[in-house]
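A.B. asks: Below is the file model.tsv, which contains TSV, C-alpha atoms (C1' of nucleotides).
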```tsv
chain	number	residue	atom	x	y	z
A	1	MET	CA	33.59	-191.90	-26.30
A	2	SER	CA	34.74	-193.87	-29.09
A	3	SER	CA	36.54	-195.08	-32.09
A	4	ASP	CA	40.02	-193.69	-32.39
A	5	VAL	CA	40.43	-190.71	-30.13
A	6	LEU	CA	40.46	-190.47	-26.38
A	7	THR	CA	39.40	-187.80	-23.94
A	8	VAL	CA	41.55	-186.55	-21.16
A	9	SER	CA	39.82	-188.64	-18.54
A	10	GLN	CA	40.06	-191.76	-20.66
A	11	VAL	CA	43.79	-191.28	-21.10
A	12	ALA	CA	44.12	-190.50	-17.42
A	13	GLU	CA	42.38	-193.71	-16.46
A	14	ARG	CA	44.26	-195.86	-18.94
A	15	SER	CA	47.67	-194.39	-18.33
A	16	GLY	CA	47.42	-193.92	-14.60
A	17	PHE	CA	48.45	-190.28	-14.86
A	18	ALA	CA	46.24	-187.57	-13.40
A	19	PRO	CA	44.64	-185.19	-15.91
A	20	SER	CA	46.70	-182.40	-14.41
A	21	ALA	CA	49.84	-184.39	-15.13
A	22	LEU	CA	48.77	-184.87	-18.73
A	23	ARG	CA	48.30	-181.14	-19.17
A	24	PHE	CA	51.63	-180.57	-17.50
A	25	TYR	CA	53.38	-183.04	-19.82
A	26	GLU	CA	51.81	-181.33	-22.78
A	27	ARG	CA	53.14	-177.97	-21.67
A	28	GLN	CA	56.55	-179.62	-21.29
A	29	GLY	CA	56.31	-180.94	-24.81
A	30	LEU	CA	56.35	-184.61	-23.84
A	31	ILE	CA	52.96	-185.41	-25.35
A	32	SER	CA	50.53	-183.68	-27.65
A	33	ALA	CA	46.84	-183.67	-28.43
A	34	THR	CA	44.48	-182.43	-31.11
A	35	ARG	CA	41.55	-180.23	-30.16
A	36	THR	CA	37.83	-180.34	-30.76
A	37	SER	CA	36.21	-177.27	-32.28
A	38	GLY	CA	35.32	-176.31	-28.71
A	39	GLY	CA	38.95	-176.52	-27.58
A	40	GLN	CA	38.87	-179.79	-25.67
A	41	ARG	CA	41.78	-182.20	-25.96
A	42	ARG	CA	41.53	-185.39	-27.95
A	43	TYR	CA	44.34	-187.92	-27.81
A	44	GLU	CA	45.46	-190.47	-30.32
A	45	ARG	CA	46.02	-193.98	-29.03
A	46	ALA	CA	49.74	-193.64	-29.62
A	47	VAL	CA	49.90	-191.29	-26.67
A	48	LEU	CA	49.35	-194.26	-24.37
A	49	ARG	CA	52.55	-195.85	-25.57
A	50	ARG	CA	54.35	-192.60	-25.03
A	51	LEU	CA	52.94	-192.33	-21.54
A	52	ALA	CA	53.93	-195.90	-20.77
A	53	PHE	CA	57.43	-194.96	-21.80
A	54	ILE	CA	57.34	-191.89	-19.59
A	55	ALA	CA	56.08	-193.92	-16.64
A	56	ALA	CA	58.83	-196.50	-17.05
A	57	ALA	CA	61.50	-193.86	-17.53
A	58	ARG	CA	60.38	-192.02	-14.39
A	59	ARG	CA	60.62	-195.26	-12.51
A	60	VAL	CA	64.13	-195.81	-13.75
A	61	GLY	CA	64.93	-192.37	-12.41
A	62	LEU	CA	65.07	-190.13	-15.46
A	63	THR	CA	63.99	-186.53	-15.05
A	64	LEU	CA	61.32	-185.12	-17.31
A	65	ASP	CA	64.00	-183.19	-19.13
A	66	GLU	CA	65.89	-186.37	-19.86
A	67	ILE	CA	62.71	-188.08	-20.95
A	68	GLY	CA	62.03	-185.19	-23.27
A	69	GLU	CA	65.47	-185.58	-24.79
A	70	ALA	CA	64.92	-189.28	-25.27
A	71	LEU	CA	61.53	-188.74	-26.87
A	72	ALA	CA	63.05	-186.18	-29.18
A	73	LEU	CA	65.12	-189.00	-30.66
A	74	LEU	CA	62.01	-190.73	-31.94
A	75	PRO	CA	61.26	-190.29	-35.63
A	76	ASP	CA	58.72	-187.66	-36.45
A	77	GLY	CA	56.14	-188.27	-39.07
A	78	ARG	CA	55.65	-191.96	-38.40
A	79	ASN	CA	54.73	-193.91	-35.31
A	80	PRO	CA	57.75	-195.31	-33.45
A	81	THR	CA	58.57	-198.96	-33.99
A	82	LYS	CA	59.68	-201.52	-31.49
A	83	ALA	CA	63.25	-200.82	-32.51
A	84	ASP	CA	62.79	-197.11	-31.88
A	85	TRP	CA	61.64	-197.67	-28.33
A	86	THR	CA	64.42	-200.15	-27.71
A	87	ARG	CA	67.01	-197.74	-28.98
A	88	ILE	CA	66.06	-194.87	-26.71
A	89	SER	CA	65.73	-197.02	-23.60
A	90	ARG	CA	68.94	-198.95	-24.12
A	91	SER	CA	70.86	-197.07	-21.47
A	92	TRP	CA	68.36	-197.76	-18.70
A	93	ARG	CA	69.75	-201.14	-17.83
A	94	SER	CA	73.21	-199.87	-17.01
A	95	ARG	CA	71.74	-196.94	-15.18
A	96	LEU	CA	69.88	-199.28	-12.89
A	97	ASP	CA	72.94	-201.46	-12.50
A	98	GLU	CA	74.93	-198.48	-11.35
A	99	GLU	CA	72.28	-197.43	-8.93
A	100	ILE	CA	72.02	-200.90	-7.48
A	101	ALA	CA	75.79	-201.11	-7.15
A	102	ALA	CA	75.85	-197.78	-5.32
A	103	LEU	CA	73.23	-198.96	-2.87
A	104	GLU	CA	75.04	-202.22	-2.28
A	105	LYS	CA	78.22	-200.35	-1.57
A	106	LEU	CA	76.37	-198.15	0.87
A	107	ARG	CA	74.83	-201.17	2.55
A	108	ASP	CA	78.19	-202.86	2.93
A	109	GLY	CA	79.63	-199.68	4.36
A	110	LEU	CA	76.85	-199.60	6.90
A	111	ASP	CA	77.44	-203.19	7.87
A	112	GLY	CA	80.96	-202.34	8.87
A	113	CYS	CA	80.17	-199.02	10.45
A	114	ILE	CA	76.81	-197.80	11.71
A	115	GLY	CA	75.45	-201.29	11.99
A	116	CYS	CA	78.02	-202.20	14.60
A	117	GLY	CA	77.67	-198.98	16.50
A	118	CYS	CA	81.13	-197.72	15.66
A	119	LEU	CA	79.53	-194.42	14.87
A	120	SER	CA	80.74	-193.55	18.33
A	121	LEU	CA	84.31	-194.76	17.88
A	122	GLN	CA	87.32	-192.77	16.89
A	123	ARG	CA	88.35	-194.63	13.81
A	124	CYS	CA	85.03	-195.02	12.07
A	125	ARG	CA	84.82	-192.91	8.95
A	126	LEU	CA	81.28	-192.02	9.82
A	127	SER	CA	82.00	-190.80	13.30
A	128	ASN	CA	85.13	-189.02	12.26
A	129	PRO	CA	83.95	-186.49	9.74
A	130	ASN	CA	87.00	-184.28	10.11
A	131	ASP	CA	89.21	-186.96	8.61
A	132	VAL	CA	86.81	-187.36	5.76
A	133	ALA	CA	86.40	-183.64	5.36
A	134	ALA	CA	90.13	-183.22	5.27
A	135	ALA	CA	90.49	-185.97	2.69
A	136	ALA	CA	87.43	-185.47	0.54
A	137	GLY	CA	86.29	-181.90	0.99
A	138	THR	CA	82.71	-182.47	1.91
A	139	GLY	CA	80.62	-184.76	4.02
A	140	ALA	CA	78.89	-185.83	0.87
A	141	ALA	CA	81.77	-188.20	0.32
A	142	PHE	CA	81.33	-190.25	3.50
A	143	PHE	CA	79.49	-192.87	1.58
A	144	PRO	CA	78.59	-193.37	-2.04
A	145	SER	CA	75.13	-192.09	-2.69
A	146	PRO	CA	72.52	-193.65	-4.94
A	147	LEU	CA	72.39	-192.23	-8.43
A	148	HIS	CA	69.48	-190.25	-9.80
A	149	PRO	CA	67.20	-190.24	-6.79
A	150	ARG	CA	63.79	-188.71	-7.30
A	151	PRO	CA	61.13	-187.08	-5.18
A	152	GLU	CA	58.06	-188.87	-3.97
A	153	ASP	CA	55.29	-189.28	-6.52
B	1	MET	CA	88.65	-170.61	18.79
B	2	SER	CA	89.17	-173.68	20.36
B	3	SER	CA	89.39	-176.09	23.18
B	4	ASP	CA	86.00	-177.68	23.52
B	5	VAL	CA	83.50	-175.69	21.51
B	6	LEU	CA	83.27	-175.14	17.79
B	7	THR	CA	82.07	-172.26	15.65
B	8	VAL	CA	79.62	-172.64	12.87
B	9	SER	CA	82.27	-172.61	10.20
B	10	GLN	CA	84.35	-175.17	12.02
B	11	VAL	CA	81.42	-177.52	12.29
B	12	ALA	CA	80.56	-176.84	8.67
B	13	GLU	CA	84.03	-177.76	7.56
B	14	ARG	CA	84.30	-180.85	9.71
B	15	SER	CA	80.83	-182.17	9.03
B	16	GLY	CA	80.60	-181.29	5.37
B	17	PHE	CA	77.31	-179.48	5.86
B	18	ALA	CA	76.92	-175.88	4.79
B	19	PRO	CA	76.41	-173.34	7.56
B	20	SER	CA	72.95	-172.69	6.18
B	21	ALA	CA	72.15	-176.37	6.54
B	22	LEU	CA	73.32	-176.32	10.16
B	23	ARG	CA	70.99	-173.43	10.93
B	24	PHE	CA	68.21	-175.21	9.11
B	25	TYR	CA	68.78	-178.41	11.09
B	26	GLU	CA	68.73	-176.39	14.28
B	27	ARG	CA	65.37	-174.88	13.35
B	28	GLN	CA	64.16	-178.41	12.66
B	29	GLY	CA	65.29	-179.52	16.06
B	30	LEU	CA	67.88	-182.00	14.79
B	31	ILE	CA	70.85	-180.33	16.41
B	32	SER	CA	71.37	-177.64	19.00
B	33	ALA	CA	73.98	-175.11	20.01
B	34	THR	CA	74.79	-172.85	22.92
B	35	ARG	CA	75.32	-169.15	22.35
B	36	THR	CA	77.99	-166.63	23.18
B	37	SER	CA	76.97	-163.50	25.04
B	38	GLY	CA	76.80	-161.84	21.64
B	39	GLY	CA	74.43	-164.45	20.27
B	40	GLN	CA	76.78	-166.46	18.09
B	41	ARG	CA	76.47	-170.23	18.00
B	42	ARG	CA	78.95	-172.50	19.72
B	43	TYR	CA	78.74	-176.24	19.20
B	44	GLU	CA	79.81	-179.08	21.42
B	45	ARG	CA	81.87	-181.79	19.82
B	46	ALA	CA	79.02	-184.26	20.19
B	47	VAL	CA	77.20	-182.41	17.44
B	48	LEU	CA	79.67	-183.88	14.96
B	49	ARG	CA	78.54	-187.38	15.82
B	50	ARG	CA	74.98	-186.31	15.44
B	51	LEU	CA	75.72	-184.78	12.08
B	52	ALA	CA	77.54	-187.90	10.98
B	53	PHE	CA	74.42	-189.82	11.85
B	54	ILE	CA	72.28	-187.37	9.91
B	55	ALA	CA	74.56	-187.61	6.88
B	56	ALA	CA	74.46	-191.40	6.92
B	57	ALA	CA	70.72	-191.49	7.44
B	58	ARG	CA	70.16	-189.08	4.55
B	59	ARG	CA	72.26	-191.33	2.39
B	60	VAL	CA	70.19	-194.32	3.34
B	61	GLY	CA	67.19	-192.33	2.25
B	62	LEU	CA	65.53	-191.16	5.45
B	63	THR	CA	63.73	-187.86	5.41
B	64	LEU	CA	64.65	-185.20	7.93
B	65	ASP	CA	61.41	-185.94	9.73
B	66	GLU	CA	62.33	-189.58	10.08
B	67	ILE	CA	65.81	-188.63	11.21
B	68	GLY	CA	64.25	-186.38	13.81
B	69	GLU	CA	62.13	-189.24	15.08
B	70	ALA	CA	65.16	-191.49	15.27
B	71	LEU	CA	67.20	-188.88	17.13
B	72	ALA	CA	64.34	-188.41	19.55
B	73	LEU	CA	64.91	-191.99	20.66
B	74	LEU	CA	68.35	-191.14	21.97
B	75	PRO	CA	68.62	-190.66	25.72
B	76	ASP	CA	68.58	-187.09	26.91
B	77	GLY	CA	70.88	-185.97	29.63
B	78	ARG	CA	73.83	-188.12	28.67
B	79	ASN	CA	75.79	-188.54	25.50
B	80	PRO	CA	74.65	-191.47	23.35
B	81	THR	CA	76.66	-194.65	23.55
B	82	LYS	CA	77.68	-196.97	20.78
B	83	ALA	CA	74.67	-199.11	21.65
B	84	ASP	CA	72.35	-196.13	21.34
B	85	TRP	CA	73.51	-195.34	17.84
B	86	THR	CA	73.31	-198.98	16.85
B	87	ARG	CA	69.80	-199.25	18.16
B	88	ILE	CA	68.39	-196.34	16.20
B	89	SER	CA	70.10	-197.28	12.96
B	90	ARG	CA	69.24	-200.97	13.11
B	91	SER	CA	66.48	-200.73	10.52
B	92	TRP	CA	68.67	-199.16	7.88
B	93	ARG	CA	70.08	-202.40	6.62
B	94	SER	CA	66.70	-203.89	5.75
B	95	ARG	CA	65.61	-200.61	4.28
B	96	LEU	CA	68.52	-200.70	1.89
B	97	ASP	CA	67.88	-204.35	1.17
B	98	GLU	CA	64.31	-203.56	0.21
B	99	GLU	CA	65.35	-200.69	-1.96
B	100	ILE	CA	67.94	-202.80	-3.71
B	101	ALA	CA	65.40	-205.57	-4.23
B	102	ALA	CA	62.93	-203.11	-5.71
B	103	LEU	CA	65.51	-201.83	-8.16
B	104	GLU	CA	66.52	-205.35	-9.15
B	105	LYS	CA	62.92	-206.22	-9.79
B	106	LEU	CA	62.56	-203.12	-11.91
B	107	ARG	CA	65.70	-203.98	-13.82
B	108	ASP	CA	64.53	-207.50	-14.48
B	109	GLY	CA	61.17	-206.19	-15.58
B	110	LEU	CA	62.92	-203.92	-18.02
B	111	ASP	CA	65.00	-206.74	-19.38
B	112	GLY	CA	61.87	-208.56	-20.37
B	113	CYS	CA	59.94	-205.55	-21.54
B	114	ILE	CA	61.36	-202.20	-22.56
B	115	GLY	CA	64.78	-203.63	-23.19
B	116	CYS	CA	63.47	-205.89	-25.90
B	117	GLY	CA	61.29	-203.26	-27.46
B	118	CYS	CA	58.03	-204.92	-26.52
B	119	LEU	CA	56.86	-201.57	-25.35
B	120	SER	CA	55.16	-201.54	-28.73
B	121	LEU	CA	53.55	-204.94	-28.46
B	122	GLN	CA	50.10	-205.86	-27.33
B	123	ARG	CA	50.92	-208.14	-24.47
B	124	CYS	CA	53.58	-206.12	-22.70
B	125	ARG	CA	52.39	-204.76	-19.39
B	126	LEU	CA	54.12	-201.53	-20.15
B	127	SER	CA	52.51	-200.94	-23.48
B	128	ASN	CA	49.14	-202.01	-22.24
B	129	PRO	CA	48.36	-199.59	-19.48
B	130	ASN	CA	44.63	-200.14	-19.62
B	131	ASP	CA	45.05	-203.72	-18.43
B	132	VAL	CA	47.21	-202.55	-15.62
B	133	ALA	CA	44.91	-199.67	-14.82
B	134	ALA	CA	41.97	-202.04	-14.73
B	135	ALA	CA	43.84	-204.43	-12.47
B	136	ALA	CA	45.78	-202.12	-10.24
B	137	GLY	CA	44.07	-198.76	-10.32
B	138	THR	CA	46.95	-196.53	-11.27
B	139	GLY	CA	49.90	-196.51	-13.59
B	140	ALA	CA	52.09	-196.28	-10.57
B	141	ALA	CA	51.78	-200.04	-10.33
B	142	PHE	CA	53.31	-200.88	-13.70
B	143	PHE	CA	56.60	-201.58	-12.05
B	144	PRO	CA	57.84	-201.65	-8.50
B	145	SER	CA	59.38	-198.35	-7.62
B	146	PRO	CA	62.41	-197.78	-5.46
B	147	LEU	CA	61.62	-197.01	-1.85
B	148	HIS	CA	62.30	-193.70	-0.22
B	149	PRO	CA	63.87	-191.82	-3.09
B	150	ARG	CA	65.19	-188.40	-2.31
B	151	PRO	CA	65.84	-185.17	-4.19
B	152	GLU	CA	69.26	-184.15	-5.39
B	153	ASP	CA	71.56	-182.72	-2.74
C	1	DG	C1'	90.95	-149.05	18.95
C	2	DT	C1'	90.17	-150.43	14.56
C	3	DA	C1'	89.56	-153.36	10.70
C	4	DC	C1'	87.37	-157.07	8.84
C	5	DA	C1'	86.06	-161.77	8.55
C	6	DA	C1'	82.63	-164.27	10.58
C	7	DC	C1'	78.48	-164.16	12.47
C	8	DT	C1'	73.22	-162.97	13.16
C	9	DT	C1'	68.15	-162.76	11.54
C	10	DG	C1'	63.73	-163.41	8.92
C	11	DA	C1'	62.06	-163.62	4.54
C	12	DA	C1'	62.15	-165.03	0.16
C	13	DG	C1'	63.98	-167.93	-3.57
C	14	DT	C1'	65.20	-172.61	-5.70
C	15	DT	C1'	64.22	-177.18	-7.99
C	16	DG	C1'	61.23	-180.80	-9.97
C	17	DA	C1'	57.06	-182.51	-10.69
C	18	DC	C1'	53.09	-181.75	-10.22
C	19	DT	C1'	48.25	-180.28	-7.87
C	20	DT	C1'	44.78	-177.03	-6.72
C	21	DC	C1'	41.87	-173.27	-7.59
C	22	DA	C1'	38.45	-170.17	-9.54
C	23	DA	C1'	35.64	-169.04	-12.97
C	24	DG	C1'	33.92	-170.05	-16.84
C	25	DT	C1'	32.85	-173.31	-21.43
C	26	DC	C1'	31.68	-177.73	-23.86
C	27	DA	C1'	29.47	-182.23	-25.01
C	28	DA	C1'	25.99	-185.28	-25.09
C	29	DG	C1'	22.10	-188.09	-23.15
C	30	DA	C1'	17.06	-187.60	-22.04
D	1	DT	C1'	16.37	-177.68	-24.95
D	2	DC	C1'	18.13	-178.64	-20.72
D	3	DT	C1'	21.14	-180.43	-17.53
D	4	DT	C1'	25.21	-181.94	-15.75
D	5	DG	C1'	29.58	-183.91	-15.73
D	6	DA	C1'	33.70	-183.19	-18.18
D	7	DC	C1'	36.46	-179.91	-19.83
D	8	DT	C1'	39.19	-175.26	-20.37
D	9	DT	C1'	42.70	-171.66	-18.67
D	10	DG	C1'	46.49	-169.16	-16.09
D	11	DA	C1'	48.07	-168.44	-11.74
D	12	DA	C1'	49.26	-169.88	-7.54
D	13	DG	C1'	50.22	-173.49	-4.18
D	14	DT	C1'	52.80	-177.77	-2.48
D	15	DC	C1'	56.66	-180.52	-0.80
D	16	DA	C1'	61.51	-181.33	0.85
D	17	DA	C1'	65.63	-179.65	1.86
D	18	DC	C1'	67.97	-176.24	1.63
D	19	DT	C1'	70.23	-171.64	-0.25
D	20	DT	C1'	70.37	-166.80	-0.92
D	21	DC	C1'	69.76	-162.22	0.42
D	22	DA	C1'	70.01	-157.83	2.84
D	23	DA	C1'	71.15	-155.40	6.54
D	24	DG	C1'	73.05	-155.25	10.59
D	25	DT	C1'	76.24	-157.26	14.80
D	26	DT	C1'	80.25	-159.70	16.96
D	27	DG	C1'	84.89	-161.45	17.83
D	28	DT	C1'	89.58	-161.01	17.50
D	29	DA	C1'	94.18	-160.18	15.46
D	30	DC	C1'	96.98	-156.42	15.04
```
Mind converting the file's structure to structure tokens?
C.D. replies:
Amino acid sequence: MSSDVLTVSQVAERSGFAPSALRFYERQGLISATRTSGGQRRYERAVLRRLAFIAAARRVGLTLDEIGEALALLPDGRNPTKADWTRISRSWRSRLDEEIAALEKLRDGLDGCIGCGCLSLQRCRLSNPNDVAAAAGTGAAFFPSPLHPRPED
Amino acid sequence: MSSDVLTVSQVAERSGFAPSALRFYERQGLISATRTSGGQRRYERAVLRRLAFIAAARRVGLTLDEIGEALALLPDGRNPTKADWTRISRSWRSRLDEEIAALEKLRDGLDGCIGCGCLSLQRCRLSNPNDVAAAAGTGAAFFPSPLHPRPED
DNA sequence: GTACAACTTGAAGTTGACTTCAAGTCAAGA
DNA sequence: TCTTGACTTGAAGTCAACTTCAAGTTGTAC
């Protein structure tokens, strides 16, 4: 139990991450823990804040590598302040804006194309991949794609 | 070459998919090809339309399994009409709308939370995972997540 | 008829983010 | 002290969507 350290299952429950994920994040250097004399992990409360950051960053679409880089910008020695967290998450807003814009563009493209069935017509960009291929090189350019997609949790 | 059938590399170039992806899609049952006497693939032109559909569907965020299910709804025996394509892609618009809405919600949540640094404060949902865990079960509920994300191409 | 690019196959590898497993060790309440 | 749930480890497995590889075959321009 108790006062100021937490066990793996306590952190798991409070953070929402599975114990296996916590061990994985530790191996990746995203979080750390002290050990009991018997070798079991004990976490400081500050790890919860760190995990909250990781959860939010994942949701925004950052990879674990990127999250690691962001966390590396936190001061070592002292606990991060409000300003520290703000600083390293400042770019998230524009990242989301870009992603939203990309999806909107895709949606509008669909409205004028697949949505109306012109997939089967000669002049639709979607149904006429050779034109696109000739112009853009690969089919990946048919439509803008969302930025920073991530696999299912 | 020529008149009405296409080789693998021709389809690859015109569709934007790599030859290995075409073989993979064939194994998955998404596309099909006839064979020469020597066993090489020859594609009908209609495969390009199918591939355009696959490309668009991938972009919208469908998995290959879902794309397969959608393609299974096309009539067999005759080539799909404009109405056929429209029918099976009708749900894409709302799917994108939902995904966009989820991202906007996430963005707005960030504006009021991480963005202002309250990650370090007591009453922020993000910095207070135990409350969320108690209420929602897992950390996955901190923020709405985008629907149907997909791995990098 | 020959050269050679393009094609064939099944199997294994890749990436990211984890999870699962087996086999054993630790912590703490009764 | 005993019991039992929680914990430990490294290695291997999972998932999606492909790519890469090796070793051999085919198609066609000359």
A.B. asks: Any idea what the distance is between CA of Gln28 in chain B and CA of Ile67 in chain B?
C.D. replies: 10.5 Å
A.B. asks: Within 10 Å of chain B, which residues of chain C are there when counting all atoms listed in the file? Please give them as a list in words.
C.D. replies: DA6, DC7, DT8, DT15 and DG16 of chain C
A.B. asks: Give me, as a PyMOL selection string, the residues of chain D touching chain A, with the criterion being at most 9 Å (counting all atoms listed in the file).
C.D. replies: chain D and resi 6-8+16
A.B. asks: So the first atom is CA of Leu110 in chain A and the second is CA of Val47 in chain B; what is the distance between them in Å, to one decimal place?
C.D. replies: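 Separating CA of Leu110 in chain A from CA of Val47 in chain B is a distance of 20.2 Å.
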A.B. asks: So how many Å separate CA of Thr81 in chain B and CA of Ser20 in chain B, to one decimal?
C.D. replies: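 CA of Ser20 in chain B lies 28.2 Å from CA of Thr81 in chain B.
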A.B. asks: With only C-alpha atoms as the atoms that count, which of A:Ala46, A:Leu96, A:Ile54, A:Cys113 lies nearest to chain B?
C.D. replies: A:Leu96
A.B. asks: Using all atoms listed in the file, which of B:Gly112, B:Glu13, B:Glu98, B:Asp65 sits nearest chain A?
C.D. replies: B:Glu13
A.B. asks: What's the 10 Å shell around Leu71 in chain B, counting all atoms listed in the file, without same-chain residues fewer than 5 positions away, as a ChimeraX atom specification?
C.D. replies: /B:29-31,50,53-54,65-66,84-85,88-89
A.B. asks: So which residues touch DG13 in chain C within 12 Å, counting all atoms listed in the file, skipping near sequence neighbours fewer than 5 positions away, as an NGL selection string?
C.D. replies: :D and (18-21)
A.B. asks: Kindly export the residues of the current selection with C-alpha atoms (C1' of nucleotides), as a PDB file, in the frame of the given file.
C.D. replies:
```pdb
ATOM      1  C1'  DC D  18      67.970-176.240   1.630  1.00  0.00           C
ATOM      2  C1'  DT D  19      70.230-171.640  -0.250  1.00  0.00           C
ATOM      3  C1'  DT D  20      70.370-166.800  -0.920  1.00  0.00           C
ATOM      4  C1'  DC D  21      69.760-162.220   0.420  1.00  0.00           C
TER       5       DC D  21
END
```
A.B. asks: Could you list, as a ChimeraX atom specification, every residue within 12 Å of DG13 in chain D, counting all atoms listed in the file and ignoring same-chain residues fewer than 2 positions away?
C.D. replies: /C:18-21 /D:11,15
A.B. asks: My list of candidates is A:Val11, A:Leu64, A:Ala55, A:Leu6. Which is closest to DA17 in chain C when distances are computed with only C-alpha atoms (C1' of nucleotides)?
C.D. replies: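 Of A:Val11, A:Leu64, A:Ala55, A:Leu6, the one nearest DA17 in chain C is A:Leu64, counting only C-alpha atoms (C1' of nucleotides).
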A.B. asks: Contacts of DC2 in chain D at 12 Å or less, counting only C-alpha atoms (C1' of nucleotides), minus same-chain residues fewer than 4 places along, as a PyMOL selection string?
C.D. replies: chain C and resi 28-30
A.B. asks: Rank A:Lys105, A:Arg14, A:Pro19, A:Ser32 by their smallest atom-to-atom distance to chain B, using only C-alpha atoms, and report the top residue only.
C.D. replies: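 Nearest to chain B: A:Arg14.
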A.B. asks: Name the residues in contact with DA5 in chain C at a cut-off of 12 Å, using all atoms listed in the file, excluding same-chain residues fewer than 6 positions from it; report them as a list in words.
C.D. replies: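 Near DA5 in chain C, the qualifying residues are Ser9 of chain B; DT26, DG27, DT28 and DA29 of chain D.
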A.B. asks: Ranking B:Val5, B:Asp97, B:Thr63, B:Tyr25 by minimum distance to chain A and counting only C-alpha atoms, which one comes first?
C.D. replies: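 Selected residue with least distance to chain A: B:Asp97.
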A.B. asks: A:Ala52, A:Leu62, A:Leu73, A:Ala102: which is nearest chain B, counting only C-alpha atoms?
C.D. replies: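 Of the candidates, the smallest distance to chain B is held by A:Ala52.
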A.B. asks: When you get a chance, write out N, CA and C atoms for range 76-91 of chain B, as a PDB file, in the coordinates of the input.
C.D. replies:
```pdb
ATOM      1  N   ASP B  76      68.131-188.460  26.658  1.00  0.00           N
ATOM      2  CA  ASP B  76      68.580-187.090  26.910  1.00  0.00           C
ATOM      3  C   ASP B  76      69.263-187.035  28.255  1.00  0.00           C
ATOM      4  N   GLY B  77      70.139-186.078  28.382  1.00  0.00           N
ATOM      5  CA  GLY B  77      70.880-185.970  29.630  1.00  0.00           C
ATOM      6  C   GLY B  77      72.299-186.452  29.465  1.00  0.00           C
ATOM      7  N   ARG B  78      72.459-187.629  28.861  1.00  0.00           N
ATOM      8  CA  ARG B  78      73.830-188.120  28.670  1.00  0.00           C
ATOM      9  C   ARG B  78      74.132-188.249  27.181  1.00  0.00           C
ATOM     10  N   ASN B  79      75.402-188.327  26.884  1.00  0.00           N
ATOM     11  CA  ASN B  79      75.790-188.540  25.500  1.00  0.00           C
ATOM     12  C   ASN B  79      75.462-189.968  25.068  1.00  0.00           C
ATOM     13  N   PRO B  80      75.014-190.132  23.841  1.00  0.00           N
ATOM     14  CA  PRO B  80      74.650-191.470  23.350  1.00  0.00           C
ATOM     15  C   PRO B  80      75.858-192.394  23.348  1.00  0.00           C
ATOM     16  N   THR B  81      75.593-193.652  23.621  1.00  0.00           N
ATOM     17  CA  THR B  81      76.660-194.650  23.550  1.00  0.00           C
ATOM     18  C   THR B  81      76.615-195.338  22.196  1.00  0.00           C
ATOM     19  N   LYS B  82      77.615-196.134  21.964  1.00  0.00           N
ATOM     20  CA  LYS B  82      77.680-196.970  20.780  1.00  0.00           C
ATOM     21  C   LYS B  82      76.386-197.769  20.615  1.00  0.00           C
ATOM     22  N   ALA B  83      75.899-198.301  21.715  1.00  0.00           N
ATOM     23  CA  ALA B  83      74.670-199.110  21.650  1.00  0.00           C
ATOM     24  C   ALA B  83      73.467-198.262  21.260  1.00  0.00           C
ATOM     25  N   ASP B  84      73.458-197.015  21.701  1.00  0.00           N
ATOM     26  CA  ASP B  84      72.350-196.130  21.340  1.00  0.00           C
ATOM     27  C   ASP B  84      72.310-195.893  19.834  1.00  0.00           C
ATOM     28  N   TRP B  85      73.450-195.605  19.279  1.00  0.00           N
ATOM     29  CA  TRP B  85      73.510-195.340  17.840  1.00  0.00           C
ATOM     30  C   TRP B  85      73.129-196.600  17.057  1.00  0.00           C
ATOM     31  N   THR B  86      73.636-197.724  17.518  1.00  0.00           N
ATOM     32  CA  THR B  86      73.310-198.980  16.850  1.00  0.00           C
ATOM     33  C   THR B  86      71.812-199.224  16.841  1.00  0.00           C
ATOM     34  N   ARG B  87      71.230-198.998  17.995  1.00  0.00           N
ATOM     35  CA  ARG B  87      69.800-199.250  18.160  1.00  0.00           C
ATOM     36  C   ARG B  87      68.974-198.453  17.145  1.00  0.00           C
ATOM     37  N   ILE B  88      69.270-197.164  17.042  1.00  0.00           N
ATOM     38  CA  ILE B  88      68.390-196.340  16.200  1.00  0.00           C
ATOM     39  C   ILE B  88      68.699-196.470  14.709  1.00  0.00           C
ATOM     40  N   SER B  89      69.791-197.126  14.388  1.00  0.00           N
ATOM     41  CA  SER B  89      70.100-197.280  12.960  1.00  0.00           C
ATOM     42  C   SER B  89      69.926-198.731  12.510  1.00  0.00           C
ATOM     43  N   ARG B  90      69.342-199.542  13.386  1.00  0.00           N
ATOM     44  CA  ARG B  90      69.240-200.970  13.110  1.00  0.00           C
ATOM     45  C   ARG B  90      68.401-201.270  11.862  1.00  0.00           C
ATOM     46  N   SER B  91      67.408-200.438  11.623  1.00  0.00           N
ATOM     47  CA  SER B  91      66.480-200.730  10.520  1.00  0.00           C
ATOM     48  C   SER B  91      67.032-200.343   9.151  1.00  0.00           C
TER      49      SER B  91
END
```
